[in-house]
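S.K.: Pasting data_21.cif here (mmCIF, C-alpha atoms):
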```cif
data_query
#
loop_
_atom_site.label_atom_id
_atom_site.label_comp_id
_atom_site.auth_asym_id
_atom_site.auth_seq_id
_atom_site.Cartn_x
_atom_site.Cartn_y
_atom_site.Cartn_z
CA MET A 1 -35.01 99.86 -15.29
CA LYS A 2 -38.73 100.50 -15.20
CA ALA A 3 -39.81 103.41 -13.06
CA ASN A 4 -43.04 104.24 -11.34
CA MET A 5 -43.76 107.38 -13.37
CA GLN A 6 -46.32 108.79 -10.95
CA ALA A 7 -43.83 109.29 -8.17
CA ASP A 8 -40.70 108.92 -10.29
CA LEU A 9 -39.61 106.02 -8.09
CA LEU A 10 -37.95 102.77 -9.13
CA LEU A 11 -40.12 99.71 -8.69
CA PRO A 12 -38.85 97.64 -5.75
CA THR A 13 -37.42 94.15 -6.00
CA ASN A 14 -40.05 91.76 -4.65
CA GLU A 15 -39.51 90.43 -1.19
CA ASP A 16 -39.56 86.63 -1.21
CA THR A 17 -39.61 83.84 1.33
CA VAL A 18 -36.34 83.07 3.08
CA GLY A 19 -37.13 79.37 2.52
CA PRO A 20 -36.28 76.60 4.99
CA TYR A 21 -32.50 76.67 4.54
CA PHE A 22 -31.19 80.01 5.79
CA PRO A 23 -27.53 79.09 6.34
CA ILE A 24 -26.81 78.31 9.97
CA ASN A 25 -23.19 79.29 9.32
CA PHE A 26 -24.35 82.91 8.90
CA SER A 27 -25.16 82.97 12.63
CA ASP A 28 -23.28 85.49 14.76
CA PRO A 29 -23.24 84.91 18.55
CA LEU A 30 -22.78 88.66 19.08
CA LEU A 31 -26.19 89.26 17.49
CA GLU A 32 -27.89 86.72 19.79
CA ASP A 33 -26.69 88.29 23.04
CA LEU A 34 -26.75 92.08 23.23
CA SER A 35 -26.38 92.04 27.03
CA GLN A 36 -22.61 91.99 26.63
CA PHE A 37 -20.10 93.56 24.28
CA GLU A 38 -17.44 91.56 22.44
CA SER A 39 -15.68 89.00 24.62
CA GLY A 40 -12.54 90.05 26.48
CA ILE A 41 -13.51 93.72 26.62
CA THR A 42 -13.94 95.49 29.95
CA ALA A 43 -17.26 97.04 29.08
CA GLN A 44 -20.92 96.28 29.49
CA PRO A 45 -24.10 97.82 28.11
CA GLN A 46 -26.07 99.91 30.58
CA GLY A 47 -29.40 98.56 31.77
CA VAL A 48 -31.16 95.58 33.25
CA PRO A 49 -30.19 92.30 31.54
CA ILE A 50 -33.19 90.33 30.34
CA ILE A 51 -33.79 87.11 28.47
CA LEU A 52 -36.71 87.09 26.06
CA LYS A 53 -37.96 83.53 25.65
CA GLY A 54 -40.30 83.15 22.71
CA ARG A 55 -42.21 80.50 20.86
CA LEU A 56 -43.17 80.95 17.20
CA LEU A 57 -46.36 79.06 16.49
CA ASP A 58 -48.30 78.37 13.28
CA ARG A 59 -52.08 78.19 12.86
CA TYR A 60 -52.11 74.60 14.11
CA GLY A 61 -50.15 75.43 17.26
CA GLU A 62 -47.01 73.78 15.88
CA LEU A 63 -43.63 75.44 16.31
CA ALA A 64 -42.51 77.37 13.23
CA ASN A 65 -39.08 75.78 12.80
CA GLY A 66 -36.24 77.31 10.81
CA THR A 67 -37.45 80.90 11.23
CA VAL A 68 -35.04 83.85 11.23
CA VAL A 69 -35.93 86.35 13.97
CA GLU A 70 -34.55 89.87 14.06
CA PHE A 71 -34.73 92.34 16.94
CA TRP A 72 -34.45 96.12 17.05
CA GLN A 73 -34.63 98.15 20.21
CA ALA A 74 -33.59 101.33 21.99
CA ASN A 75 -30.89 101.31 24.66
CA ALA A 76 -31.58 101.57 28.39
CA LYS A 77 -32.09 105.32 28.03
CA GLY A 78 -34.60 104.92 25.23
CA VAL A 79 -32.30 105.98 22.39
CA TYR A 80 -32.07 104.11 19.08
CA ARG A 81 -28.65 103.70 17.47
CA SER A 82 -29.74 105.23 14.16
CA PRO A 83 -28.42 108.19 12.12
CA LYS A 84 -31.20 110.37 13.52
CA HIS A 85 -29.61 110.13 16.98
CA GLU A 86 -25.97 110.41 15.94
CA GLY A 87 -24.05 112.42 18.53
CA ASP A 88 -26.77 111.99 21.19
CA SER A 89 -25.04 111.93 24.58
CA ASP A 90 -27.37 109.12 25.66
CA ILE A 91 -25.97 106.72 23.05
CA ASP A 92 -24.44 103.73 24.82
CA PRO A 93 -21.16 102.91 23.03
CA TRP A 94 -21.46 99.28 24.13
CA PHE A 95 -24.94 98.71 22.79
CA TRP A 96 -26.24 98.79 19.21
CA GLY A 97 -29.73 97.29 19.55
CA TYR A 98 -29.90 95.04 16.47
CA GLY A 99 -30.09 91.30 17.01
CA ARG A 100 -30.62 88.28 14.82
CA LEU A 101 -30.95 84.54 15.28
CA ARG A 102 -32.26 81.53 13.41
CA THR A 103 -34.32 79.16 15.51
CA GLU A 104 -34.07 75.53 14.50
CA SER A 105 -37.08 74.44 16.56
CA GLY A 106 -39.27 77.55 16.57
CA GLU A 107 -38.34 78.43 20.16
CA PHE A 108 -35.78 81.12 20.87
CA GLU A 109 -33.91 82.87 23.66
CA PHE A 110 -32.70 86.39 23.00
CA LYS A 111 -30.40 87.96 25.57
CA THR A 112 -30.46 91.73 25.78
CA ILE A 113 -31.16 94.59 28.15
CA MET A 114 -34.55 96.10 28.96
CA PRO A 115 -35.10 98.87 26.40
CA GLY A 116 -35.84 102.22 27.99
CA PRO A 117 -39.08 104.04 27.34
CA CYS A 118 -38.60 107.03 25.06
CA ALA A 119 -40.61 110.06 24.12
CA ASP A 120 -44.25 108.93 24.07
CA ARG A 121 -43.36 105.24 23.78
CA ALA A 122 -43.36 102.39 26.27
CA SER A 123 -40.43 99.93 26.36
CA ASN A 124 -40.65 97.74 23.28
CA ILE A 125 -38.71 95.52 20.90
CA THR A 126 -39.47 95.43 17.17
CA ILE A 127 -39.50 91.86 15.88
CA THR A 128 -39.04 90.92 12.22
CA LEU A 129 -39.77 87.36 11.11
CA PHE A 130 -38.40 85.71 7.98
CA SER A 131 -39.81 82.22 7.54
CA ASP A 132 -40.45 79.60 4.92
CA GLY A 133 -43.82 80.19 3.26
CA ILE A 134 -43.97 83.94 3.93
CA SER A 135 -42.05 87.10 3.21
CA ARG A 136 -40.89 89.50 5.94
CA ILE A 137 -43.49 90.32 8.63
CA VAL A 138 -43.03 92.74 11.53
CA THR A 139 -44.52 93.35 14.95
CA GLN A 140 -43.55 94.98 18.21
CA ILE A 141 -43.67 93.47 21.67
CA PHE A 142 -44.02 95.14 25.05
CA PHE A 143 -43.45 94.16 28.69
CA ALA A 144 -46.49 93.63 30.88
CA ASP A 145 -44.80 94.95 34.05
CA GLN A 146 -43.34 98.14 32.59
CA THR A 147 -44.90 101.55 32.97
CA GLY A 148 -46.14 103.51 30.00
CA ASN A 149 -48.07 100.73 28.28
CA ALA A 150 -51.38 102.44 29.04
CA SER A 151 -50.34 105.50 27.04
CA ASP A 152 -48.32 103.90 24.25
CA PRO A 153 -49.82 105.05 20.92
CA LEU A 154 -49.21 101.73 19.16
CA LEU A 155 -50.65 99.59 21.95
CA GLN A 156 -53.59 101.95 22.37
CA SER A 157 -54.44 101.58 18.67
CA LEU A 158 -55.27 97.92 19.41
CA SER A 159 -58.07 96.11 21.25
CA CYS A 160 -57.39 94.95 24.83
CA GLU A 161 -57.20 91.38 23.58
CA ASP A 162 -54.59 92.26 20.97
CA GLN A 163 -52.61 94.34 23.46
CA ALA A 164 -52.29 91.29 25.68
CA LYS A 165 -50.97 89.23 22.76
CA LEU A 166 -48.06 91.65 22.36
CA SER A 167 -47.17 91.75 26.06
CA ALA A 168 -44.29 89.60 27.27
CA ARG A 169 -44.73 88.32 30.84
CA HIS A 170 -42.09 88.44 33.53
CA GLU A 171 -41.49 84.88 34.70
CA GLY A 172 -38.67 84.75 37.19
CA GLU A 173 -34.92 85.19 37.03
CA ALA A 174 -32.22 83.16 35.31
CA ASP A 175 -29.22 81.84 37.26
CA CYS A 176 -27.14 84.69 35.84
CA GLY A 177 -29.59 87.17 37.35
CA SER A 178 -31.28 88.22 34.12
CA LYS A 179 -35.04 88.78 34.25
CA ILE A 180 -36.88 86.26 32.11
CA TYR A 181 -39.77 87.35 29.90
CA THR A 182 -41.87 84.98 27.82
CA ILE A 183 -44.03 85.50 24.74
CA ASP A 184 -45.95 83.32 22.29
CA ILE A 185 -45.84 84.70 18.77
CA VAL A 186 -48.75 83.03 16.98
CA MET A 187 -48.24 83.74 13.28
CA ALA A 188 -51.64 82.66 11.97
CA GLY A 189 -55.08 81.50 13.03
CA GLU A 190 -57.14 81.73 16.19
CA ASN A 191 -54.71 83.46 18.55
CA GLU A 192 -52.83 85.28 15.81
CA ILE A 193 -50.95 88.30 17.10
CA PRO A 194 -51.15 91.67 15.34
CA PHE A 195 -48.56 92.27 12.61
CA PHE A 196 -47.94 95.72 11.22
CA ASP A 197 -47.65 97.28 7.76
CA ASP A 198 -44.44 99.28 7.49
CA LEU A 199 -44.97 100.00 3.78
CA ILE A 200 -48.35 101.75 3.88
CA ARG A 201 -48.72 104.99 5.81
CA GLU A 202 -51.80 106.14 7.66
CA GLY A 203 -53.89 108.29 5.36
CA GLU A 204 -52.26 107.09 2.13
CA MET B 1 -57.42 107.09 2.20
CA SER B 2 -56.51 103.72 3.51
CA ASN B 3 -57.48 102.72 6.99
CA THR B 4 -56.05 99.23 6.91
CA GLY B 5 -52.77 97.59 5.98
CA ARG B 6 -52.15 94.93 3.39
CA GLN B 7 -53.84 91.54 3.35
CA LEU B 8 -51.10 88.96 2.94
CA LYS B 9 -51.74 86.12 0.50
CA ILE B 10 -51.09 82.41 0.81
CA GLY B 11 -48.83 80.80 -1.80
CA PRO B 12 -50.83 78.25 -3.85
CA THR B 13 -49.66 74.64 -3.23
CA ASP B 14 -47.35 75.90 -0.44
CA ASN B 15 -48.29 74.09 2.79
CA THR B 16 -45.93 76.13 4.95
CA SER B 17 -47.44 79.32 3.59
CA ASP B 18 -50.87 78.04 4.63
CA GLN B 19 -49.56 77.27 8.12
CA ARG B 20 -47.70 80.53 8.73
CA THR B 21 -49.34 83.37 6.80
CA PRO B 22 -51.19 85.82 9.07
CA ARG B 23 -54.91 85.79 8.24
CA ASN B 24 -55.77 89.23 9.61
CA ARG B 25 -54.90 92.34 7.68
CA LEU B 26 -51.68 94.02 8.74
CA ARG B 27 -52.33 96.92 11.12
CA LEU B 28 -51.34 100.47 10.36
CA ILE B 29 -48.57 101.97 12.45
CA PRO B 30 -49.40 105.27 14.16
CA GLU B 31 -47.12 107.92 12.62
CA ILE B 32 -45.37 108.58 15.93
CA ALA B 33 -44.27 104.94 16.15
CA ARG B 34 -43.00 104.50 12.58
CA GLU B 35 -39.37 105.27 13.25
CA SER B 36 -39.17 102.45 15.77
CA PHE B 37 -40.04 99.97 13.01
CA ALA B 38 -36.96 100.77 10.92
CA PRO B 39 -33.96 98.77 12.16
CA TYR B 40 -30.51 100.15 11.45
CA VAL B 41 -28.22 97.19 10.89
CA PRO B 42 -24.58 97.52 11.99
CA GLN B 43 -21.87 96.57 9.50
CA ARG B 44 -20.38 93.17 10.07
CA GLY B 45 -17.30 91.36 8.81
CA LEU B 46 -16.62 88.56 6.39
CA SER B 47 -15.67 85.13 7.65
CA ARG B 48 -13.83 83.45 4.77
CA GLN B 49 -11.31 84.73 2.25
CA ASN B 50 -13.28 83.56 -0.77
CA ASP B 51 -16.74 84.48 0.50
CA TRP B 52 -17.42 86.04 -2.94
CA ASP B 53 -16.69 82.83 -4.88
CA LEU B 54 -19.19 80.06 -4.16
CA THR B 55 -17.88 77.95 -7.06
CA ARG B 56 -15.23 76.50 -4.75
CA ILE B 57 -15.09 75.89 -1.01
CA ALA B 58 -11.67 77.53 -0.66
CA PRO B 59 -9.21 79.10 -3.13
CA ASP B 60 -6.97 76.02 -3.03
CA LEU B 61 -9.76 73.54 -3.77
CA PRO B 62 -11.26 72.39 -7.10
CA ARG B 63 -14.32 73.93 -8.65
CA ALA B 64 -17.72 72.37 -8.00
CA GLU B 65 -19.72 70.56 -10.67
CA GLY B 66 -22.03 72.43 -13.02
CA VAL B 67 -22.17 75.78 -14.76
CA ALA B 68 -20.11 78.53 -13.10
CA ILE B 69 -21.84 81.90 -13.28
CA GLU B 70 -21.14 85.47 -12.27
CA VAL B 71 -24.01 87.40 -10.68
CA SER B 72 -23.65 91.16 -10.55
CA GLY B 73 -25.76 94.25 -10.23
CA LYS B 74 -26.42 97.50 -8.46
CA LEU B 75 -28.14 97.93 -5.11
CA GLN B 76 -30.19 101.10 -4.79
CA ASN B 77 -33.22 102.53 -3.08
CA GLU B 78 -36.46 103.50 -4.80
CA ARG B 79 -35.07 106.97 -5.60
CA GLY B 80 -32.13 105.45 -7.44
CA THR B 81 -29.60 106.32 -4.74
CA PRO B 82 -26.87 103.66 -4.61
CA ILE B 83 -26.61 101.76 -1.31
CA SER B 84 -22.96 101.25 -0.44
CA ASN B 85 -21.35 98.96 2.13
CA ALA B 86 -24.42 96.74 2.43
CA MET B 87 -23.90 93.05 3.04
CA LEU B 88 -25.38 90.48 0.66
CA GLU B 89 -25.70 87.03 2.15
CA ILE B 90 -26.06 84.43 -0.59
CA TRP B 91 -27.08 80.79 -0.56
CA ASN B 92 -28.11 78.37 -3.29
CA ALA B 93 -28.52 74.67 -3.98
CA ASN B 94 -25.81 72.78 -5.83
CA HIS B 95 -25.86 71.74 -9.49
CA PHE B 96 -28.15 68.84 -8.61
CA GLY B 97 -30.60 70.81 -6.43
CA ARG B 98 -29.37 69.95 -2.92
CA TYR B 99 -28.40 72.30 -0.10
CA ARG B 100 -25.48 71.50 2.15
CA HIS B 101 -27.75 72.36 5.07
CA ILE B 102 -28.13 70.01 7.99
CA GLU B 103 -31.94 70.16 7.65
CA ASP B 104 -32.03 69.32 3.92
CA HIS B 105 -32.76 65.59 4.10
CA SER B 106 -33.38 65.00 0.39
CA ASN B 107 -31.73 62.12 -1.49
CA ILE B 108 -30.24 64.43 -4.11
CA PRO B 109 -26.43 64.10 -4.10
CA LEU B 110 -24.14 66.55 -2.36
CA ASP B 111 -21.17 67.87 -4.30
CA GLU B 112 -17.95 67.40 -2.36
CA HIS B 113 -16.63 70.67 -3.78
CA PHE B 114 -19.68 72.87 -3.14
CA LEU B 115 -20.61 74.68 0.07
CA GLY B 116 -23.25 77.02 -1.36
CA THR B 117 -23.05 79.99 1.03
CA GLY B 118 -21.19 83.28 0.69
CA ARG B 119 -21.20 86.99 1.47
CA VAL B 120 -20.19 90.15 -0.36
CA PHE B 121 -20.44 93.90 0.25
CA THR B 122 -21.59 96.57 -2.19
CA ASP B 123 -18.94 99.11 -3.23
CA SER B 124 -19.19 102.90 -3.03
CA GLU B 125 -21.48 102.94 -6.10
CA GLY B 126 -23.73 100.18 -4.77
CA ASN B 127 -22.31 97.54 -7.13
CA TYR B 128 -21.82 93.93 -6.12
CA THR B 129 -20.41 90.80 -7.80
CA PHE B 130 -20.22 87.17 -6.80
CA TRP B 131 -19.61 83.83 -8.48
CA THR B 132 -21.59 80.67 -7.89
CA ILE B 133 -22.73 77.45 -9.52
CA SER B 134 -26.01 77.66 -11.39
CA PRO B 135 -28.34 75.80 -9.01
CA GLY B 136 -30.45 72.81 -9.94
CA ALA B 137 -34.23 72.89 -9.71
CA TYR B 138 -35.70 70.38 -7.28
CA LEU B 139 -39.02 68.65 -6.67
CA ALA B 140 -40.65 70.49 -3.77
CA ARG B 141 -44.00 68.65 -3.76
CA PRO B 142 -43.51 65.11 -5.06
CA ASP B 143 -47.20 64.36 -4.36
CA ILE B 144 -48.36 66.87 -6.97
CA GLY B 145 -45.21 67.07 -9.10
CA ARG B 146 -44.50 70.73 -8.26
CA TRP B 147 -40.89 71.87 -8.64
CA ARG B 148 -38.97 74.77 -7.16
CA PRO B 149 -37.40 76.57 -10.11
CA LYS B 150 -33.68 77.39 -10.14
CA HIS B 151 -33.12 80.23 -7.70
CA ILE B 152 -30.47 81.98 -5.62
CA HIS B 153 -31.36 83.35 -2.18
CA ILE B 154 -30.06 86.85 -1.45
CA SER B 155 -30.40 88.63 1.89
CA VAL B 156 -29.49 92.34 1.90
CA SER B 157 -28.71 94.09 5.17
CA GLY B 158 -26.80 97.18 6.16
CA GLY B 159 -27.83 100.55 7.51
CA GLY B 160 -31.53 101.12 6.92
CA SER B 161 -31.78 98.44 4.22
CA ARG B 162 -33.30 95.06 4.88
CA LEU B 163 -34.53 92.77 2.14
CA ILE B 164 -34.65 89.03 1.63
CA THR B 165 -35.38 88.01 -1.93
CA GLN B 166 -34.65 85.35 -4.54
CA LEU B 167 -33.05 85.67 -7.96
CA TYR B 168 -34.68 83.53 -10.65
CA PHE B 169 -33.47 82.46 -14.10
CA PRO B 170 -35.07 83.39 -17.45
CA ASP B 171 -37.12 80.92 -19.48
CA GLU B 172 -37.25 78.27 -16.76
CA PRO B 173 -40.21 75.88 -17.19
CA ASN B 174 -40.94 75.81 -13.44
CA ASN B 175 -41.09 79.56 -12.91
CA ALA B 176 -44.80 79.76 -13.70
CA SER B 177 -45.92 77.29 -11.02
CA ASP B 178 -43.82 78.64 -8.17
CA PRO B 179 -46.11 79.74 -5.31
CA MET B 180 -44.28 82.98 -4.58
CA ALA B 181 -43.95 83.78 -8.30
CA ILE B 182 -47.72 83.35 -8.60
CA LEU B 183 -48.26 85.81 -5.74
CA MET B 184 -45.91 88.33 -7.39
CA GLY B 185 -47.85 88.16 -10.66
CA ASP B 186 -46.41 90.45 -13.35
CA ASP B 187 -43.93 91.84 -10.82
CA PHE B 188 -42.14 88.47 -10.84
CA GLU B 189 -40.28 89.68 -13.95
CA ARG B 190 -38.23 92.02 -11.76
CA ASN B 191 -36.78 89.05 -9.86
CA ILE B 192 -35.45 87.36 -13.02
CA GLY B 193 -31.80 87.99 -13.87
CA LYS B 194 -30.69 89.27 -17.28
CA PRO B 195 -28.04 87.10 -18.97
CA TYR B 196 -24.76 88.57 -20.23
CA GLU B 197 -21.63 87.11 -21.78
CA THR B 198 -18.42 86.77 -19.80
CA PRO B 199 -15.61 86.23 -22.35
CA LYS B 200 -12.83 87.61 -20.15
CA ILE B 201 -13.43 85.89 -16.83
CA ASP B 202 -13.33 82.29 -15.65
CA VAL B 203 -17.06 81.62 -15.56
CA ASP B 204 -19.46 80.32 -18.22
CA SER B 205 -21.95 83.18 -18.24
CA GLY B 206 -23.28 86.13 -16.26
CA LEU B 207 -26.59 87.17 -14.78
CA ASN B 208 -27.35 90.81 -14.04
CA PHE B 209 -29.64 91.48 -11.07
CA ASP B 210 -30.19 95.09 -10.03
CA ILE B 211 -31.83 95.22 -6.62
CA VAL B 212 -34.12 98.01 -5.47
CA VAL B 213 -34.87 98.10 -1.75
CA GLY B 214 -38.39 99.43 -1.46
CA GLY B 215 -40.51 101.25 1.05
CA ARG B 216 -39.39 102.04 4.54
CA ASN B 217 -36.44 99.70 4.07
CA ALA B 218 -34.50 102.59 2.62
CA VAL B 219 -35.69 105.16 5.16
CA TYR B 220 -32.26 106.42 6.16
CA PHE B 221 -31.04 106.92 2.60
CA GLU B 222 -33.63 109.49 1.62
#
```
Any chance you could put this one into structure tokens?
M.R.:
Amino acid sequence: MKANMQADLLLPTNEDTVGPYFPINFSDPLLEDLSQFESGITAQPQGVPIILKGRLLDRYGELANGTVVEFWQANAKGVYRSPKHEGDSDIDPWFWGYGRLRTESGEFEFKTIMPGPCADRASNITITLFSDGISRIVTQIFFADQTGNASDPLLQSLSCEDQAKLSARHEGEADCGSKIYTIDIVMAGENEIPFFDDLIREGE
Amino acid sequence: MSNTGRQLKIGPTDNTSDQRTPRNRLRLIPEIARESFAPYVPQRGLSRQNDWDLTRIAPDLPRAEGVAIEVSGKLQNERGTPISNAMLEIWNANHFGRYRHIEDHSNIPLDEHFLGTGRVFTDSEGNYTFWTISPGAYLARPDIGRWRPKHIHISVSGGGSRLITQLYFPDEPNNASDPMAILMGDDFERNIGKPYETPKIDVDSGLNFDIVVGGRNAVYFE
């Protein structure tokens, strides 16, 4: 295998488009609703249940059908379920924080709990998109009515206009009592939202 | 010193790429926020007993039409550390170039013995193996005669690894005109499998595909 001699690293396999036919039979209902644990178990994640309703739009304002959307968030106490936090007493045993769905139409509903703010960060959910025509792209969305947005380092690195594009709006309650938040994720063109580069570091 | 992220490129002759590719440069992530961008994917289970063998829908059913192949390789991060217990989700078109996907409306025939989806896990050394039918190429843009070359979709997830890629076949006439292959340039070579012979197992040939998960995708394996 060829190696990058400079840093003695292996050259990565190229990311590629997911294409239009990500198998629907790979869907897992447990990854589309993090607001409850497995069925039949007397247990529930801590926190305020929310429903994030999103629309994925292309540069012509059309829905981006067939897109795979992944979610990653902290629990209600602001702790991520990652090796770095193993053994943390604020880990919620009934909440992992990774979600995934494939939207047939380009609209989605993701059930979860409101992520807690954590050290220096406002409540947020990382969103990864895999769609036909593109390779993986990532962004992070916030909640317009939550505190801490004004001092979040990621939000504050953006213009006011771009900050607004990443802010989900609270729009009422569902019958089940969950708070509903809505967001338009415009992938390209006039109202394109900011996407982030998780391969290049600042200063590199 | 780089003050901006990558500029994504649009795949030539790919209409969807034109519709969906962000036009602005990617933004840099402030150092303090980087960790939050690295999902840690929980391990999940398999759903069917022959998830590793896409050449037949179930162990008691006949083999699908076409050339049966074994695909195998090692999953590792950029430092060469094997990635164990990662899930590979696999899907490919049948021998004729048709997906058994409810949104594939092409007129290419289905194969009554081919499902075309499967999953496997890497072992403790990062190795994986699955069997499938060598997929057919299909005409993606009839208006300009542009084909999608033979390819197998592979999605890798588990722990800090997340990668969706495609495995291509050597010496295929349509490789050169594929929009994503064009964007990869010389790097495309790394997504082409290396053939090997399989005299002792019940497939026609093998294709080796070592997968290296790059960048932050391997953050928790460093």
S.K.: Expressed in Å to a single decimal, how great is the separation between CA of Leu110 (chain B) and CA of Gln49 (chain B)?
M.R.: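 Distance between the two atoms: 22.7 Å.
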S.K.: Selected by the PyMOL selection byres ((chain A) within 7 of (chain B)) in the shown coordinates: which residues, as a count of residues only?
M.R.: 38
S.K.: So which residues touch Gly73 (chain B) within 12 Å, counting all atoms listed in the file, skipping near sequence neighbours fewer than 6 positions away, as JSON, numbers by chain?
M.R.: {"A": [1], "B": [82, 83, 88, 121, 122, 123, 125, 126, 127, 128, 129, 130, 167, 193, 194, 195, 196, 206, 207, 208, 209, 210, 211, 212]}
S.K.: Step by step, work through what the PyMOL selection byres ((chain A and resi 49) around 6) selects in the shown file, and finish by giving those residues as a ChimeraX atom specification.
M.R.: /A:35,48,50,112-113,178
S.K.: Quick one, how far is CA of Ala68 (chain B) from CA of Gly136 (chain B)?
M.R.: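 About the pair CA of Ala68 (chain B) and CA of Gly136 (chain B): they are 12.2 Å apart.
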S.K.: Taking the file above as input, evaluate the PyMOL selection byres ((chain A and resi 181) around 7) and report the hits as JSON, numbers by chain.
M.R.: {"A": [51, 52, 53, 168, 169, 170, 171, 179, 180, 182, 183]}
S.K.: Near Tyr80 (chain A), within 10 Å and counting all atoms listed in the file, which residues show up once chain neighbours fewer than 4 positions away are dropped, as an MDAnalysis selection string?
M.R.: (chainID A and resid 72:76 84:86 88 90:92 95:98 115:116 118) or (chainID B and resid 35:36 39:40)
S.K.: Quick one: residues within 12 Å of (-17.2, 104.4, 25.4) (file frame), counting all atoms listed in the file, please, as a PDB file with C-alpha atoms, in the frame of the given file.
M.R.:
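Wrote it out as point24.pdb, contents follow:
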```pdb
ATOM      1  CA  PHE A  37     -20.100  93.560  24.280  1.00  0.00           C
ATOM      2  CA  ILE A  41     -13.510  93.720  26.620  1.00  0.00           C
ATOM      3  CA  THR A  42     -13.940  95.490  29.950  1.00  0.00           C
ATOM      4  CA  ALA A  43     -17.260  97.040  29.080  1.00  0.00           C
ATOM      5  CA  GLN A  44     -20.920  96.280  29.490  1.00  0.00           C
ATOM      6  CA  PRO A  45     -24.100  97.820  28.110  1.00  0.00           C
ATOM      7  CA  GLN A  46     -26.070  99.910  30.580  1.00  0.00           C
ATOM      8  CA  SER A  89     -25.040 111.930  24.580  1.00  0.00           C
ATOM      9  CA  ASP A  90     -27.370 109.120  25.660  1.00  0.00           C
ATOM     10  CA  ILE A  91     -25.970 106.720  23.050  1.00  0.00           C
ATOM     11  CA  ASP A  92     -24.440 103.730  24.820  1.00  0.00           C
ATOM     12  CA  PRO A  93     -21.160 102.910  23.030  1.00  0.00           C
ATOM     13  CA  TRP A  94     -21.460  99.280  24.130  1.00  0.00           C
ATOM     14  CA  PHE A  95     -24.940  98.710  22.790  1.00  0.00           C
TER      15      PHE A  95
END
```
S.K.: So, with all atoms listed in the file as the atoms that count, which of A:Ser123, A:Ser105, A:Ser159, A:Ser151 lies closest to Gly54 (chain A)?
M.R.: A:Ser105
S.K.: List as a ChimeraX atom specification: which residues have an atom within 6 Å of (-18.7, 78.1, -2.1), counting only C-alpha atoms?
M.R.: /B:53-57,114-117
S.K.: Interatomic distance between CA of Glu172 (chain B) and CA of Pro12 (chain B)?
M.R.: 18.7 Å
S.K.: Tell me which protein, DNA and RNA residues are within 8 Å of Asp184 (chain A), counting all atoms listed in the file, leaving out same-chain ones fewer than 4 positions away, and put them as a short mmCIF file (atom, residue, chain, number, x, y, z; two decimals) with C-alpha atoms, keeping the file's coordinate frame.
M.R.:
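Below is the file that was written, selection-v3.cif:
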```cif
data_model
loop_
_atom_site.label_atom_id
_atom_site.label_comp_id
_atom_site.auth_asym_id
_atom_site.auth_seq_id
_atom_site.Cartn_x
_atom_site.Cartn_y
_atom_site.Cartn_z
CA GLY A 54 -40.30 83.15 22.71
CA ARG A 55 -42.21 80.50 20.86
CA LEU A 56 -43.17 80.95 17.20
CA LEU A 57 -46.36 79.06 16.49
CA LYS A 165 -50.97 89.23 22.76
#
```
S.K.: Rank nothing, just name the residue among A:Arg121, A:Arg102, A:Lys111, A:Arg136 nearest to Thr67 (chain A), using all atoms listed in the file.
M.R.: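 Selected residue with least distance to Thr67 (chain A): A:Arg102.
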S.K.: Just the residues within 10 Å of Pro109 (chain B), please, counting only C-alpha atoms, with nothing from its chain fewer than 6 positions along; format it as a VMD selection string.
M.R.: chain B and resid 94 to 100
S.K.: Next, write the just-selected residues to a file, as a PDB file, in the coordinates of the input, keeping C-alpha atoms as the atom set.
M.R.:
```pdb
ATOM      1  CA  ASN B  94     -25.810  72.780  -5.830  1.00  0.00           C
ATOM      2  CA  HIS B  95     -25.860  71.740  -9.490  1.00  0.00           C
ATOM      3  CA  PHE B  96     -28.150  68.840  -8.610  1.00  0.00           C
ATOM      4  CA  GLY B  97     -30.600  70.810  -6.430  1.00  0.00           C
ATOM      5  CA  ARG B  98     -29.370  69.950  -2.920  1.00  0.00           C
ATOM      6  CA  TYR B  99     -28.400  72.300  -0.100  1.00  0.00           C
ATOM      7  CA  ARG B 100     -25.480  71.500   2.150  1.00  0.00           C
TER       8      ARG B 100
END
```
